[in-house]
2 protein chains.
Amino acid sequence: MFEAAELGHTVDKETYRKRVPALREALLDAQYDLGQTRRSSVLFLFTGVKASGKTETIQRLLEWMDPRFIDTHARQEPTQEERERPPMWRYWRALPPKGRIGIFLGHWYTDPLWARVTGELGDAAFEKRIAEINRFERMLSDEDVIVVKFYLHVTKKQQRKQLDRLAANPRTAWRVTKEDWETLSLYDQAEEVGEHLVRVTSAPHAPWLVIEGADARYRDLAVGETVLEILRHALEKRPRRPPAPRPRTRVPPMDERTVLSELDLSQKMSESLYTRELEKWQGRLALLSREKKFRKRSLVALFEGNDAAGKGGTIRRVARALDPRLYNIVPIAAPSDEEKAHPYLWRFWRRLPGLGHFTVFDRSWYGRVLVERVEALCPEADWWRAYSEINDFEAELVEHGVVVAKFWLAISREEQLRRFKERERTAYKRFKITPEDWRNRKRWEAYSEAVCMMVERTSTETSRWTLVEAEDKYFGRVKVLRTLCARLEEKL
Amino acid sequence: MFEAAELGHTVDKETYRKRVPALREALLDAQYDLGQTRRSSVLFLFTGVKASGKTETIQRLLEWMDPRFIDTHARQEPTQEERERPPMWRYWRALPPKGRIGIFLGHWYTDPLWARVTGELGDAAFEKRIAEINRFERMLSDEDVIVVKFYLHVTKKQQRKQLDRLAANPRTAWRVTKEDWETLSLYDQAEEVGEHLVRVTSAPHAPWLVIEGADARYRDLAVGETVLEILRHALEKRPRRPPAPRPRTRVPPMDERTVLSELDLSQKMSESLYTRELEKWQGRLALLSREKKFRKRSLVALFEGNDAAGKGGTIRRVARALDPRLYNIVPIAAPSDEEKAHPYLWRFWRRLPGLGHFTVFDRSWYGRVLVERVEALCPEADWWRAYSEINDFEAELVEHGVVVAKFWLAISREEQLRRFKERERTAYKRFKITPEDWRNRKRWEAYSEAVCMMVERTSTETSRWTLVEAEDKYFGRVKVLRTLCARLEEKL
């Protein structure tokens, strides 16, 4: 795939001087329009061996465009904060919102590529990372992030020549380190792995463009003109696509049994037992959260449930067990403008806890397959793909050692009505009941079906749902606390 | 993901008896309509542990529908013919054409699933297979094959009970083998791997449906009703989707250099040298094809090139070196009706050679990104995705040990004109020149661009293009023969 980038492309000084002014103007225009329309964000990744001109090209792009509206991310050792979270966290953080451009020199290919070249990563493990990356980039594309990947290619001879030249010039000699000379000997492996990578991660929605890196004028101009084409493409109005054809995927119900109908909501706990149990499990949770081993872990707990099922009260009982410096409660309501300008999961990624910390989500990413599905707030194709996206997301958390606990608090329709009425009667609870609650209640059946599908599709071997019988508040709260303790004990 | 299939679903005799007649009639109707409209083919895969009722369910479906229009594929040891070809060959062979239904008990999940359960396949290697399967199923969906996957789930206790029951009945005891009892001890692993598999291979376009397997009436009815829904869905008219938004992915040309322009077409060979060289390389090829090691290999050579570039003549010179019992020449023209009813690559899969054999394709699967692209015979989205599909296909061949050689025979536009005119003048060559050739010639530039993109995107580290300077026929033919010998020597 590198043949076309070994033809000895060059651009002479004269041509370069003639073409650059128009290109710069067009780039600035396109960048401005992108910021105005905010239809998508555009992300350029750069890779290539040492001395293939990556840094120079990026500098040139930043010089030609308005760098205030470009988010760059250069490879460097991860910070303490970044190391405490799953590896993709740093890239999620750096994702440009709609209307902006991202230029990444350090990105999700950097580590696996290098680890594969040095042999640290085996063939099969590499393919596993590749598969994850492919899923991630498809998600980005579905979420209106345009991803284009530049592979700057130089031959072995050109690489050596370039390093020699940098080393010979006193002003640039500092840029060539001992490690750089060592990487020369890895050129053949790097080329082989690079070519393989380009093959298995090229997709129409996230293509690789291999560009000859030896001639600076050719390289800069070729990248610049390509960037311009891609920005212009990003500005085009695209008709909203009808959903992809997909087979219907509900087994028609044969009987009334569902994961919800089989819950025994009559389970109760007396007040005196509750008081003892609450104290017991809060105490155990407090101890667990202070365990030394937990300092190498973190916990994400999320709460979903019927309206008035008691999420708030339960979360307060959990929080009471914890050191306030170690937890965060994140209530999820409608997304902010900034959040809307990013892929759906971005707002959750940014709130992930560091090591030794708890994050409790009051409602969560499951909103997409619950309220957004039932209220038709997003197209069907979007919530359909969300099941796998969410599973991938949680698998990343679990793989990084995060303890994930997911609770659905279930009450009966009758109990909900009773609680709604009580809320209306009680002055200090009245703020809790809105016309929206009454409206949601009318869609009880649709919500129940969405919950069943959610449990079927996202209660996975890495991250299970706990369905909580919350008809009796005491019983429900204790079950939640007990489950949290069990989850932590399992992992510590 | 199995929770909803452990609720103890049952269907009583009375309900079953009432529902079955209407279901059967509807299934037959839907099957008939599917055969009439021939819009897609529908493929049902079944998996589940031993005694989860897979065989019984399939028998029931075959009893309820018209088995003449169903292609079944049950797991069994591969035949000799199948072992000689890449593992996916047997499933390609069994793919139902549009209008028909496939029911597979043995399929691409069978081997990796079992190998993972027994531990024969490691975690990373398993993930690699999963990634390949995901790409394969996406391709099927893009090619109008609807894939739906049933996972019949029973608990450990139910499995044991079922095996006990089968063993106790003299009429069914033969069905329970010693190995079956042994698999009981693997239940936990099987469940874990199964649940993981369902998670990572569920996609909106190829979903898993987990169905409780213990109660036969429930199971049969649930599967039957689901099959009906899916058949009905397959019958719906779907609007042709506009192509997916994708970034433009050509680097704008900066100079005139391309992989084609850089060929030195002036290279020549004298007749006397040609005669000697031809003999030499034909002789070497003949020897190589008779080598013992080649009996564990096979060779696929494909020829593409400008019209009148001399593909036919070159292929004859290659063939002359080979034992006629050991090679096949496959000329590729417009697809047959049967071929059109299958995914694009099906017509090539079916012609793959067995061990020790050569297959020479005169034109090939690259038609999709050449003539079909340039003449707009297929939508843009289809030829775009073809690059990766072709790369995946060839990687499967190479991984299986097939030697793949790809030749592009290049001549200049002037030489083509000369040859066209000569063909018109020469009586015995006149059949070789058609109005279509003249028409294609007018699109020289478009074809050249398509060729350059093809080489850029499909000359991979596993399977390279050889560009052949064929302006001088002697030179071209010898280069082809020499390259073929080199490829074989590399691998033997």
# chains A, B, ... in the order shown; residues from 1 in each chain; ligands from 1
$ select_by_dssp --residues "stretch 269-488 of chain A" --states "alpha helix (DSSP H)" --output "PyMOL selection string"
chain A and resi 271-289+311-320+337-340+346-349+371-374+380-399+413-425+435-442+444-458+473-488
$ interface_residues --of "chain A" --to "chain B" --cutoff "7 Å" --atoms "only C-alpha atoms" --output "VMD selection string"
chain A and resid 1 to 4 7 9 124 to 125 127 to 128 131 146 192 195 to 196 199 203 to 205 207 222 225 to 226 229 to 230 233 241 to 242 246 to 249 251 to 252 254 257 to 259 384 to 385 388 456 to 461
$ residues_around --residues "stretch 170-179 of chain B" --least-positions-apart "6" --cutoff "12 Å" --atoms "only C-alpha atoms" --output "list in words"
Lys50, Ala51, Thr55, Gln159, Arg160, Gln162, Leu163, Asp164, Ser185 and Leu186 of chain B
$ write_last_selection --atoms "C-alpha atoms" --output "CSV table (one decimal), in the first residue's frame"
chain,number,residue,atom,x,y,z
B,50,LYS,CA,-25.6,-30.0,23.9
B,51,ALA,CA,-29.2,-30.9,24.7
B,55,THR,CA,-31.6,-30.3,16.4
B,159,GLN,CA,-28.9,-29.8,30.5
B,160,ARG,CA,-28.2,-32.7,32.9
B,162,GLN,CA,-32.3,-33.5,29.5
B,163,LEU,CA,-29.4,-35.8,28.9
B,164,ASP,CA,-30.7,-38.1,31.7
B,185,SER,CA,-18.3,-30.7,33.0
B,186,LEU,CA,-17.5,-27.8,30.6
$ atom_distance --atom1 "atom CA of B:Glu120" --atom2 "atom CA of B:Phe393"
25.1 Å
$ atom_distance --atom1 "atom CA of B:Glu271" --atom2 "atom CA of B:Gly476"
12.6 Å
$ select_by_dssp --residues "stretch 222-314 of chain A" --states "strand (DSSP E or B)" --output "MDAnalysis selection string"
chainID A and resid 298:305
$ write_last_selection --atoms "N, CA and C atoms" --output "mmCIF file, in the first residue's frame"
data_model
loop_
_atom_site.group_PDB
_atom_site.id
_atom_site.type_symbol
_atom_site.label_atom_id
_atom_site.label_comp_id
_atom_site.auth_asym_id
_atom_site.auth_seq_id
_atom_site.Cartn_x
_atom_site.Cartn_y
_atom_site.Cartn_z
ATOM 1 N N SER A 298 -11.289 1.698 41.076
ATOM 2 C CA SER A 298 -12.280 2.743 41.279
ATOM 3 C C SER A 298 -13.638 2.103 41.063
ATOM 4 N N LEU A 299 -14.673 2.793 41.430
ATOM 5 C CA LEU A 299 -16.008 2.209 41.316
ATOM 6 C C LEU A 299 -16.959 3.157 40.606
ATOM 7 N N VAL A 300 -17.681 2.606 39.667
ATOM 8 C CA VAL A 300 -18.732 3.358 38.993
ATOM 9 C C VAL A 300 -20.040 2.658 39.299
ATOM 10 N N ALA A 301 -20.946 3.359 39.967
ATOM 11 C CA ALA A 301 -22.267 2.790 40.223
ATOM 12 C C ALA A 301 -23.284 3.649 39.508
ATOM 13 N N LEU A 302 -24.232 3.007 38.853
ATOM 14 C CA LEU A 302 -25.253 3.818 38.189
ATOM 15 C C LEU A 302 -26.626 3.340 38.596
ATOM 16 N N PHE A 303 -27.524 4.290 38.658
ATOM 17 C CA PHE A 303 -28.889 4.013 39.091
ATOM 18 C C PHE A 303 -29.883 4.448 38.027
ATOM 19 N N GLU A 304 -30.663 3.498 37.599
ATOM 20 C CA GLU A 304 -31.810 3.785 36.747
ATOM 21 C C GLU A 304 -33.016 3.208 37.465
ATOM 22 N N GLY A 305 -34.209 3.597 37.049
ATOM 23 C CA GLY A 305 -35.382 3.025 37.698
ATOM 24 C C GLY A 305 -36.641 3.753 37.295
#
